[in-house]
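Okay, target_17.cif now, which holds mmCIF, C-alpha atoms and all ligand atoms:
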data_model
#
loop_
_atom_site.label_atom_id
_atom_site.label_comp_id
_atom_site.auth_asym_id
_atom_site.auth_seq_id
_atom_site.Cartn_x
_atom_site.Cartn_y
_atom_site.Cartn_z
CA MET A 396 85.12 122.06 109.81
CA THR A 397 87.64 121.62 106.98
CA ALA A 398 86.79 118.69 104.76
CA ILE A 399 88.16 117.20 101.57
CA LEU A 400 86.32 114.87 99.23
CA VAL A 401 88.64 112.36 97.56
CA VAL A 402 87.73 110.50 94.40
CA ASN A 403 89.87 107.42 93.69
CA SER A 404 88.90 106.27 90.20
CA GLY A 405 89.77 102.85 88.89
CA SER A 406 89.07 101.64 85.38
CA SER A 407 85.60 100.32 86.14
CA SER A 408 84.97 101.61 89.64
CA PHE A 409 85.68 104.42 91.99
CA LYS A 410 86.03 104.77 95.70
CA TYR A 411 85.43 108.00 97.58
CA GLN A 412 85.96 109.40 101.04
CA LEU A 413 84.88 112.60 102.71
CA ILE A 414 87.58 113.36 105.27
CA ASP A 415 87.53 115.83 108.15
CA MET A 416 91.03 117.25 107.84
CA GLU A 417 91.14 118.51 111.42
CA THR A 418 90.95 114.97 112.79
CA GLU A 419 91.63 112.99 109.59
CA GLY A 420 88.43 111.12 110.46
CA VAL A 421 86.29 109.65 107.68
CA LEU A 422 82.87 111.36 107.55
CA ALA A 423 81.61 109.17 104.72
CA SER A 424 83.00 106.68 102.24
CA GLY A 425 81.72 104.62 99.39
CA LEU A 426 82.31 102.56 96.34
CA VAL A 427 80.72 102.66 92.89
CA GLU A 428 81.65 99.57 90.93
CA ARG A 429 80.97 97.53 87.79
CA ILE A 430 80.67 100.75 85.81
CA GLY A 431 79.82 99.96 82.18
CA GLU A 432 78.43 96.49 82.97
CA ALA A 433 74.78 95.47 82.68
CA SER A 434 74.25 96.12 86.38
CA GLY A 435 76.43 98.32 88.55
CA HIS A 436 76.67 98.46 92.32
CA ALA A 437 77.02 101.37 94.73
CA ARG A 438 77.66 101.36 98.47
CA HIS A 439 77.72 104.35 100.80
CA THR A 440 78.73 104.46 104.47
CA ALA A 441 78.13 107.48 106.67
CA GLY A 442 78.56 107.23 110.42
CA THR A 443 77.15 103.84 111.35
CA GLY A 444 74.65 103.72 108.49
CA GLU A 445 75.26 101.81 105.30
CA SER A 446 73.22 101.85 102.10
CA ALA A 447 73.57 99.96 98.84
CA ARG A 448 71.99 100.06 95.38
CA ASP A 449 72.17 97.99 92.22
CA LEU A 450 71.54 99.85 88.98
CA PRO A 451 73.13 100.22 85.56
CA ILE A 452 75.96 102.80 85.67
CA PRO A 453 77.08 103.44 82.08
CA ASP A 454 80.16 105.58 82.81
CA HIS A 455 82.06 107.48 85.51
CA THR A 456 79.92 110.60 84.98
CA ALA A 457 76.81 108.60 85.86
CA GLY A 458 78.74 107.00 88.73
CA PHE A 459 79.49 110.42 90.12
CA ASP A 460 75.77 111.27 90.12
CA VAL A 461 75.06 108.04 92.00
CA MET A 462 77.54 109.16 94.66
CA LEU A 463 75.91 112.62 94.89
CA GLU A 464 72.49 111.00 95.30
CA ALA A 465 73.84 108.83 98.12
CA PHE A 466 75.16 111.91 99.95
CA ALA A 467 71.85 113.73 99.38
CA GLU A 468 69.80 110.80 100.70
CA HIS A 469 71.96 109.44 103.50
CA GLY A 470 74.22 112.36 104.37
CA PRO A 471 76.32 114.00 105.47
CA SER A 472 75.48 117.18 103.60
CA LEU A 473 78.29 118.08 101.23
CA GLN A 474 77.06 121.68 101.29
CA ASP A 475 77.57 121.93 105.06
CA ALA A 476 80.77 119.88 105.23
CA GLY A 477 83.17 122.82 104.91
CA LEU A 478 84.60 121.42 101.69
CA VAL A 479 87.91 123.15 100.87
CA ALA A 480 89.00 120.96 97.94
CA VAL A 481 88.27 117.83 95.96
CA GLY A 482 91.27 115.51 95.58
CA HIS A 483 91.46 113.24 92.55
CA ARG A 484 93.60 110.20 91.95
CA VAL A 485 95.02 110.41 88.43
CA VAL A 486 96.91 107.34 87.35
CA HIS A 487 99.27 108.64 84.65
CA GLY A 488 101.15 111.92 85.03
CA GLY A 489 103.88 110.99 82.54
CA LYS A 490 106.92 113.24 82.74
CA ARG A 491 104.73 116.31 83.18
CA PHE A 492 103.27 115.96 86.64
CA PHE A 493 105.14 115.06 89.78
CA GLU A 494 103.54 117.43 92.26
CA PRO A 495 99.92 117.51 93.39
CA THR A 496 98.42 119.91 90.85
CA VAL A 497 95.43 122.24 90.91
CA VAL A 498 93.27 121.29 87.92
CA THR A 499 92.99 123.87 85.13
CA GLU A 500 91.83 123.53 81.52
CA LEU A 501 95.47 122.95 80.51
CA VAL A 502 95.95 120.27 83.16
CA LYS A 503 92.86 118.46 81.83
CA ILE A 504 94.21 118.60 78.28
CA ASN A 505 97.45 117.05 79.53
CA ILE A 506 95.63 114.30 81.44
CA GLN A 507 93.67 113.54 78.26
CA ASP A 508 96.89 113.51 76.23
CA LEU A 509 98.41 111.00 78.67
CA ALA A 510 95.38 108.72 78.22
CA GLU A 511 97.20 106.98 75.39
CA LEU A 512 99.65 105.71 78.01
CA ALA A 513 96.90 104.65 80.45
CA PRO A 514 93.80 103.97 78.37
CA LEU A 515 91.96 102.10 81.14
CA HIS A 516 92.55 104.73 83.80
CA ASN A 517 93.12 108.32 82.65
CA PRO A 518 89.82 108.74 80.73
CA ALA A 519 87.94 107.54 83.83
CA ASN A 520 89.96 109.90 86.03
CA LEU A 521 89.13 112.79 83.71
CA GLN A 522 85.41 111.99 83.69
CA GLY A 523 85.50 112.07 87.48
CA ILE A 524 87.23 115.45 87.47
CA VAL A 525 84.79 117.00 85.00
CA ALA A 526 81.78 115.71 86.91
CA ALA A 527 83.23 116.92 90.21
CA GLU A 528 84.00 120.37 88.81
CA LYS A 529 80.41 120.65 87.71
CA ALA A 530 79.10 119.62 91.13
CA PHE A 531 81.61 121.71 93.14
CA PRO A 532 82.61 124.67 90.99
CA GLU A 533 83.50 126.82 93.99
CA VAL A 534 86.39 124.72 95.38
CA PRO A 535 89.78 123.86 93.88
CA HIS A 536 90.24 120.40 92.41
CA VAL A 537 93.64 118.82 92.98
CA ALA A 538 95.06 115.96 90.94
CA VAL A 539 97.47 113.56 92.67
CA PHE A 540 99.35 111.25 90.30
CA ASP A 541 100.15 107.55 90.78
CA THR A 542 103.38 108.04 88.85
CA ALA A 543 104.69 110.91 91.02
CA PHE A 544 106.39 108.87 93.73
CA HIS A 545 108.46 107.06 91.07
CA ARG A 546 110.14 110.26 89.83
CA THR A 547 113.28 109.07 91.68
CA LEU A 548 113.74 105.92 89.56
CA PRO A 549 117.25 105.96 88.11
CA PRO A 550 117.63 105.79 84.29
CA ALA A 551 118.93 102.23 84.54
CA ALA A 552 115.62 101.23 86.12
CA TYR A 553 113.24 103.24 83.93
CA SER A 554 114.81 102.71 80.50
CA TYR A 555 113.75 99.86 78.24
CA ALA A 556 116.51 98.47 76.05
CA ILE A 557 114.90 99.48 72.75
CA ASP A 558 115.77 102.07 70.09
CA ALA A 559 116.54 105.20 72.11
CA ALA A 560 115.23 107.78 69.61
CA LEU A 561 111.94 105.94 69.17
CA ALA A 562 111.55 105.57 72.92
CA GLU A 563 112.16 109.30 73.43
CA GLN A 564 109.76 110.35 70.68
CA TYR A 565 106.93 108.14 71.89
CA ARG A 566 107.56 108.52 75.63
CA VAL A 567 108.31 104.83 75.99
CA ARG A 568 109.85 104.19 79.41
CA ARG A 569 108.88 102.79 82.76
CA TYR A 570 106.79 105.22 84.81
CA GLY A 571 105.47 103.01 87.62
CA PHE A 572 102.09 103.30 89.37
CA HIS A 573 100.39 102.94 92.77
CA GLY A 574 102.94 105.56 93.90
CA THR A 575 100.54 107.25 96.31
CA SER A 576 100.07 103.90 98.05
CA HIS A 577 103.77 102.96 98.02
CA LYS A 578 104.62 106.35 99.53
CA PHE A 579 101.92 106.19 102.21
CA VAL A 580 102.71 102.60 103.16
CA SER A 581 106.51 102.97 103.28
CA GLU A 582 106.17 106.06 105.51
CA ALA A 583 103.59 104.34 107.70
CA ALA A 584 105.86 101.28 108.04
CA ALA A 585 108.78 103.42 109.24
CA ALA A 586 106.52 105.27 111.68
CA PHE A 587 105.09 101.98 112.98
CA LEU A 588 108.58 100.59 113.57
CA GLY A 589 109.74 103.87 115.12
CA ARG A 590 112.71 103.95 112.76
CA PRO A 591 113.92 106.75 110.47
CA LEU A 592 112.55 106.32 106.95
CA GLY A 593 115.93 107.38 105.55
CA GLU A 594 117.63 104.30 107.01
CA LEU A 595 115.27 101.66 105.71
CA ARG A 596 115.45 99.46 102.62
CA GLN A 597 111.86 98.37 102.02
CA ILE A 598 110.06 96.14 99.56
CA VAL A 599 106.40 97.17 99.33
CA LEU A 600 103.95 94.70 97.80
CA HIS A 601 100.71 96.45 96.81
CA LEU A 602 98.41 93.54 95.98
CA GLY A 603 94.94 94.76 94.99
CA ASN A 604 93.06 94.28 91.75
CA GLY A 605 96.05 95.90 90.14
CA ALA A 606 99.28 94.84 91.82
CA SER A 607 102.80 96.19 91.95
CA ALA A 608 106.01 95.84 93.90
CA CYS A 609 108.26 98.76 94.78
CA ALA A 610 111.81 98.91 96.13
CA VAL A 611 111.97 101.92 98.46
CA ASP A 612 115.44 103.01 99.52
CA GLY A 613 115.48 105.58 102.30
CA GLY A 614 111.99 106.74 101.34
CA ALA A 615 112.64 106.98 97.58
CA SER A 616 111.30 104.64 94.91
CA VAL A 617 114.29 103.07 93.12
CA GLU A 618 112.59 100.21 91.26
CA THR A 619 109.01 99.18 90.62
CA SER A 620 107.29 96.41 88.72
CA MET A 621 104.73 98.30 86.61
CA GLY A 622 106.03 99.88 83.44
CA MET A 623 104.98 102.38 80.79
CA THR A 624 101.44 101.25 81.63
CA PRO A 625 99.92 99.41 84.61
CA LEU A 626 100.18 96.10 82.72
CA GLN A 627 103.76 95.04 83.45
CA GLY A 628 105.02 93.10 86.45
CA LEU A 629 103.02 91.02 88.90
CA VAL A 630 100.06 88.81 88.01
CA MET A 631 96.81 90.73 88.68
CA GLY A 632 93.07 90.06 88.76
CA THR A 633 92.64 90.39 84.99
CA ARG A 634 96.08 91.62 83.82
CA SER A 635 98.88 89.31 82.77
CA GLY A 636 101.83 91.20 84.19
CA ASP A 637 105.13 90.16 82.56
CA VAL A 638 104.97 88.15 79.34
CA ASP A 639 107.47 87.74 76.55
CA PRO A 640 106.46 90.56 74.13
CA ALA A 641 106.88 88.07 71.28
CA VAL A 642 103.76 86.30 72.55
CA LEU A 643 101.83 89.22 71.02
CA PHE A 644 103.51 88.85 67.62
CA HIS A 645 102.82 85.14 67.72
CA LEU A 646 99.14 85.54 68.61
CA HIS A 647 98.77 88.23 65.97
CA ARG A 648 100.32 86.10 63.25
CA LYS A 649 98.99 82.68 64.21
CA ALA A 650 95.67 83.36 65.96
CA GLY A 651 94.80 86.40 63.88
CA LEU A 652 94.22 88.60 66.91
CA GLY A 653 94.27 92.35 66.20
CA PHE A 654 95.89 94.91 68.45
CA GLU A 655 92.65 95.91 70.19
CA GLN A 656 91.92 92.26 70.89
CA LEU A 657 95.42 91.72 72.24
CA ASP A 658 95.08 94.80 74.43
CA THR A 659 91.80 93.48 75.82
CA LEU A 660 93.25 89.99 76.23
CA LEU A 661 96.21 91.12 78.32
CA ASN A 662 94.47 93.87 80.32
CA ARG A 663 91.04 92.36 80.91
CA GLY A 664 91.11 88.65 80.14
CA SER A 665 94.38 87.48 81.68
CA GLY A 666 95.90 87.24 85.16
CA LEU A 667 93.92 85.18 87.68
CA LEU A 668 90.85 85.42 85.44
CA GLY A 669 92.64 84.12 82.37
CA LEU A 670 94.29 81.26 84.21
CA SER A 671 91.34 80.11 86.30
CA GLY A 672 88.14 81.83 85.16
CA ARG A 673 88.10 83.79 88.46
CA GLY A 674 89.47 87.31 88.79
CA ASP A 675 88.86 87.74 92.50
CA MET A 676 91.57 86.34 94.78
CA ARG A 677 89.02 85.23 97.39
CA ASP A 678 87.39 82.92 94.84
CA VAL A 679 90.75 81.65 93.60
CA VAL A 680 91.95 80.74 97.11
CA GLU A 681 88.65 79.02 97.90
CA ALA A 682 88.58 77.04 94.66
CA ALA A 683 92.23 76.05 95.02
CA ALA A 684 91.56 74.79 98.55
CA SER A 685 88.75 72.60 97.26
CA GLY A 686 90.99 70.99 94.67
CA ASP A 687 90.37 73.08 91.53
CA GLU A 688 93.56 72.60 89.49
CA ALA A 689 93.24 75.72 87.37
CA ALA A 690 92.74 77.85 90.48
CA GLN A 691 95.74 76.19 92.13
CA LEU A 692 97.89 76.98 89.10
CA ALA A 693 96.68 80.59 89.05
CA LEU A 694 97.64 80.93 92.71
CA ASP A 695 101.00 79.26 92.12
CA VAL A 696 101.85 81.57 89.21
CA TYR A 697 100.77 84.61 91.24
CA LEU A 698 103.00 83.62 94.18
CA HIS A 699 105.93 82.57 92.00
CA ARG A 700 105.92 86.01 90.35
CA ILE A 701 105.89 87.85 93.68
CA LYS A 702 108.83 85.77 94.86
CA ASP A 703 110.74 86.70 91.68
CA TYR A 704 110.37 90.38 92.47
CA VAL A 705 111.20 89.98 96.15
CA GLY A 706 114.47 88.29 95.17
CA SER A 707 115.20 90.87 92.52
CA TYR A 708 114.60 93.81 94.85
CA HIS A 709 116.78 92.26 97.52
CA ALA A 710 119.55 92.36 94.96
CA GLN A 711 118.75 95.90 93.78
CA LEU A 712 118.62 97.25 97.33
CA GLY A 713 121.66 95.29 98.52
CA GLY A 714 119.46 93.57 101.10
CA ALA A 715 116.15 94.49 102.65
CA ASP A 716 115.17 95.55 106.16
CA VAL A 717 111.41 95.47 105.71
CA ILE A 718 108.86 93.79 103.45
CA VAL A 719 105.35 95.25 103.56
CA PHE A 720 102.11 93.71 102.32
CA THR A 721 99.25 96.06 101.50
CA ALA A 722 95.97 96.53 99.52
CA GLY A 723 93.00 94.14 99.30
CA VAL A 724 94.91 90.88 98.84
CA GLY A 725 98.02 91.89 100.77
CA GLU A 726 96.05 93.04 103.81
CA ASN A 727 93.58 90.17 103.90
CA SER A 728 95.08 86.98 102.54
CA ALA A 729 97.29 85.02 104.94
CA VAL A 730 97.54 82.28 102.29
CA VAL A 731 99.05 84.69 99.77
CA ARG A 732 101.46 86.26 102.27
CA ALA A 733 102.70 82.89 103.51
CA GLY A 734 102.99 81.46 99.99
CA ALA A 735 104.80 84.48 98.55
CA LEU A 736 107.58 84.36 101.16
CA ALA A 737 107.78 80.60 101.73
CA GLY A 738 111.25 79.13 101.47
CA LEU A 739 113.07 82.47 101.71
CA GLU A 740 114.83 81.69 105.01
CA ALA A 741 118.15 82.02 103.18
CA LEU A 742 117.30 85.71 102.64
CA GLY A 743 116.56 86.10 106.35
CA ILE A 744 112.79 86.02 105.88
CA GLU A 745 110.74 83.98 108.36
CA ILE A 746 106.99 84.31 108.71
CA ASP A 747 105.32 83.50 112.04
CA PRO A 748 102.20 81.47 111.12
CA ALA A 749 100.10 82.61 114.09
CA ARG A 750 100.94 86.28 113.56
CA ASN A 751 100.27 85.93 109.85
CA GLU A 752 96.85 84.41 110.40
CA ALA A 753 95.69 86.88 113.06
CA SER A 754 93.28 89.32 111.47
CA SER A 755 93.40 93.03 112.21
CA HIS A 756 92.92 96.34 110.43
CA GLU A 757 96.01 97.82 112.07
CA ALA A 758 99.65 97.76 110.99
CA ARG A 759 101.35 94.68 112.40
CA VAL A 760 104.41 92.44 112.30
CA ILE A 761 103.98 88.96 110.84
CA SER A 762 107.61 87.78 110.88
CA THR A 763 109.22 85.88 113.75
CA ASP A 764 111.38 87.72 116.25
CA ALA A 765 114.40 85.94 114.79
CA SER A 766 113.65 86.99 111.19
CA ARG A 767 116.39 89.32 109.88
CA VAL A 768 113.87 91.02 107.60
CA THR A 769 110.83 92.45 109.37
CA VAL A 770 107.66 91.54 107.49
CA LEU A 771 104.66 93.81 108.02
CA VAL A 772 101.05 94.16 106.99
CA VAL A 773 100.24 97.88 106.68
CA PRO A 774 96.79 98.98 105.47
CA THR A 775 97.09 101.44 102.62
CA ASN A 776 95.05 104.63 102.52
CA GLU A 777 95.42 106.30 99.14
CA GLU A 778 92.44 108.55 99.91
CA LEU A 779 94.02 109.99 103.06
CA GLU A 780 97.35 110.52 101.30
CA ILE A 781 95.57 112.31 98.42
CA ALA A 782 93.63 114.45 100.90
CA ARG A 783 96.82 115.43 102.76
CA GLN A 784 98.56 116.39 99.52
CA ALA A 785 95.50 118.31 98.30
CA LEU A 786 95.27 120.20 101.59
CA ALA A 787 98.96 121.14 101.37
CA VAL A 788 98.35 122.59 97.89
CA VAL A 789 95.28 124.62 98.79
CA GLY A 790 97.05 126.01 101.83
CA GLY A 791 95.74 124.04 104.80
N1 LIG B 1 90.22 87.95 102.43
C1 LIG B 1 90.69 88.11 101.21
N2 LIG B 1 91.45 87.14 100.65
C2 LIG B 1 91.93 87.28 99.41
N3 LIG B 1 91.74 88.36 98.64
C3 LIG B 1 91.00 89.35 99.14
C4 LIG B 1 90.44 89.30 100.45
N4 LIG B 1 89.76 90.45 100.66
C5 LIG B 1 89.88 91.19 99.53
N5 LIG B 1 90.62 90.54 98.63
C6 LIG B 1 90.96 90.94 97.24
O1 LIG B 1 91.42 92.26 97.13
C7 LIG B 1 91.21 92.68 95.77
C8 LIG B 1 90.80 94.13 95.76
O2 LIG B 1 91.77 94.89 96.38
P1 LIG B 1 91.72 96.47 96.39
O3 LIG B 1 92.98 96.96 97.01
O4 LIG B 1 90.45 96.93 96.97
O5 LIG B 1 91.77 96.72 94.83
P2 LIG B 1 91.53 97.96 93.90
O6 LIG B 1 91.77 99.21 94.72
O7 LIG B 1 92.58 97.79 92.85
O8 LIG B 1 90.15 97.84 93.39
C9 LIG B 1 90.19 91.74 95.16
O9 LIG B 1 90.80 90.89 94.24
C10 LIG B 1 89.72 90.92 96.39
O10 LIG B 1 89.45 89.62 96.05
C1 LIG B 2 97.48 101.72 88.36
C2 LIG B 2 96.54 100.61 88.70
O1 LIG B 2 96.74 99.50 88.29
O2 LIG B 2 95.52 100.92 89.49
P1 LIG B 2 94.41 99.90 90.02
O3 LIG B 2 95.12 98.91 90.86
O4 LIG B 2 93.50 100.80 90.84
O5 LIG B 2 93.75 99.31 88.82
MG MG B 3 93.58 100.26 94.18
#
Using structure tokens, write down the structure that the file contains.
Amino acid sequence: MTAILVVNSGSSSFKYQLIDMETEGVLASGLVERIGEASGHARHTAGTGESARDLPIPDHTAGFDVMLEAFAEHGPSLQDAGLVAVGHRVVHGGKRFFEPTVVTELVKINIQDLAELAPLHNPANLQGIVAAEKAFPEVPHVAVFDTAFHRTLPPAAYSYAIDAALAEQYRVRRYGFHGTSHKFVSEAAAAFLGRPLGELRQIVLHLGNGASACAVDGGASVETSMGMTPLQGLVMGTRSGDVDPAVLFHLHRKAGLGFEQLDTLLNRGSGLLGLSGRGDMRDVVEAAASGDEAAQLALDVYLHRIKDYVGSYHAQLGGADVIVFTAGVGENSAVVRAGALAGLEALGIEIDPARNEASSHEARVISTDASRVTVLVVPTNEELEIARQALAVVGG
């Protein structure tokens, strides 16, 4: 057997999958979440068995040990799995990393250096890598970067209109994130439709805890909503997305908030959570349906913002052939999908309510047959994409 273990680290959680690369079947998967909180949670699925634990998990290194214990207790054996590599999601690759990269000491120094551009994500990614190297010193570790797919952004899309010398010196530009997902989903959408990727203008909406939109022209990212960091763009669980930057000056001057506080406010205390006190879209939808006004506003702002980007990317692409919803919210919330694209008949977008509300874990069409733009739900699989890229690097 040839297997790859993939570690997909988020800021306060990580997901993992052990994948048999001969069949691309999942041998085991799991989730370690609420890292750094008073009580963490870990879930492990292997075959038909599922196990779960609640315990404090102070950091990603401890989280990694929790995962190893789950494998040791519930299987399968990582020693007997035929592990040929460990694939790691790394969020920020800056201008240094576009290809899947075998981790060396120098690569780790660079990932650490890029942490100033992704303070919530890169340090966690690095902790995962170091812990994994310790546990599996005999196999190569491959880093796959969220930013890589956006290497094709044109300068007009990635440049901010600020002082050019300062921007160059401090690496201030749009990088874009969720690239592994946008790549996987746009390719899967073309394959599902049986149409050449090169011919399609797609708008991919990755709506998870973090959320981003991407305009994909013939398979290449040409515009995306996240920026220098994963804070810009759409409204997210706890992140604000777009705000007037002068809001920060104002809150600094008038409310006396320091830069660390402002960073925390926009990254961890805003978005759905800031607007409604609930950071999880399931809770927001439920509260809005039962008449909670703050939840309704949070949902309205979330949908309004998506619609802004859909309109914008129509213009940037000169029209769209396909719109794809993916990730936790995009795959599961019919309310969000319907709301985000409501009233866009003039752009040739028409959702079929029955198709939209049908639930399935497969790729599917949710637009009407008459809709000029085909609207799809396509489950993302960042772990499989990372595993494929890692295998290609280690010579599978
Ligand atoms: N049925 C659902 N309706 C609305 N939101 C959902 C549903 N199922 C999952 N979600 C949301 O998906 C989000 C998590 O998405 P996911 O892609 O797993 O995020 P991440 O990888 O960033 O942690 C959560 O906000 C969760 O509430
Ligand atoms: C880049 C990013 O925002 O990732 P996530 O959605 O996993 O937080
Ligand atoms: Mg995610």
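Residues in contact with A:Ile718 at 8 Å, where all atoms listed in the file are counted and same-chain residues fewer than 6 positions away are skipped, are listed as Gln597, Ile598, Val599, Leu600, Val768, Thr769, Val770 and Leu771 of chain A.
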Would you mind exporting the chosen residues as a JSON list (two decimals), keeping the file's coordinate frame, restricted to C-alpha atoms?
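Result went into result_9.json, see below:
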[["chain", "number", "residue", "atom", "x", "y", "z"],
["A", 597, "GLN", "CA", 111.86, 98.37, 102.02],
["A", 598, "ILE", "CA", 110.06, 96.14, 99.56],
["A", 599, "VAL", "CA", 106.40, 97.17, 99.33],
["A", 600, "LEU", "CA", 103.95, 94.70, 97.80],
["A", 768, "VAL", "CA", 113.87, 91.02, 107.60],
["A", 769, "THR", "CA", 110.83, 92.45, 109.37],
["A", 770, "VAL", "CA", 107.66, 91.54, 107.49],
["A", 771, "LEU", "CA", 104.66, 93.81, 108.02]]
Which protein, DNA or RNA residues are at most 6 Å from (114.7, 95.4, 103.7) in the file's coordinates when you count all atoms listed in the file, listed as a compact mmCIF listing (two decimals) with C-alpha atoms, in the frame of the given file?
# COMPACT_ATOMS: atom_id res chain seq x y z
CA ARG A 596 115.45 99.46 102.62
CA GLN A 597 111.86 98.37 102.02
CA GLY A 714 119.46 93.57 101.10
CA ALA A 715 116.15 94.49 102.65
CA ASP A 716 115.17 95.55 106.16
CA VAL A 717 111.41 95.47 105.71
CA VAL A 768 113.87 91.02 107.60
Using only C-alpha atoms and all ligand atoms, tabulate the residues of chain A lying at most 6 Å from any atom of ligand LIG 2 (chain B), each with its closest atom pair and that distance in Å to one decimal, by chain and increasing residue number, as a tab-separated table.
residue	atom	partner	partner_atom	distance
A:Gly405	CA	B:LIG2	O4	4.7
A:Val486	CA	B:LIG2	C1	5.7
A:Phe572	CA	B:LIG2	C1	5.0
A:His573	CA	B:LIG2	C1	5.4
A:Gly603	CA	B:LIG2	O3	5.9
A:Asn604	CA	B:LIG2	O3	5.1
A:Gly605	CA	B:LIG2	O3	3.2
A:Ala606	CA	B:LIG2	O3	5.9
A:Pro625	CA	B:LIG2	O1	4.9
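Among the candidates A:Ala693, A:Ile452, A:Glu468, A:Thr547, the residue lying nearest to A:Phe493 is A:Thr547 (atoms considered: only C-alpha atoms).
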Which residues are close to A:Thr763, i.e. within 6 Å by only C-alpha atoms, leaving aside same-chain residues fewer than 4 positions away? Reply as an mmCIF file with C-alpha atoms, in the frame of the given file.
data_model
loop_
_atom_site.group_PDB
_atom_site.id
_atom_site.type_symbol
_atom_site.label_atom_id
_atom_site.label_comp_id
_atom_site.auth_asym_id
_atom_site.auth_seq_id
_atom_site.Cartn_x
_atom_site.Cartn_y
_atom_site.Cartn_z
ATOM 1 C CA GLU A 745 110.740 83.980 108.360
ATOM 2 C CA ILE A 746 106.990 84.310 108.710
ATOM 3 C CA ASP A 747 105.320 83.500 112.040
#
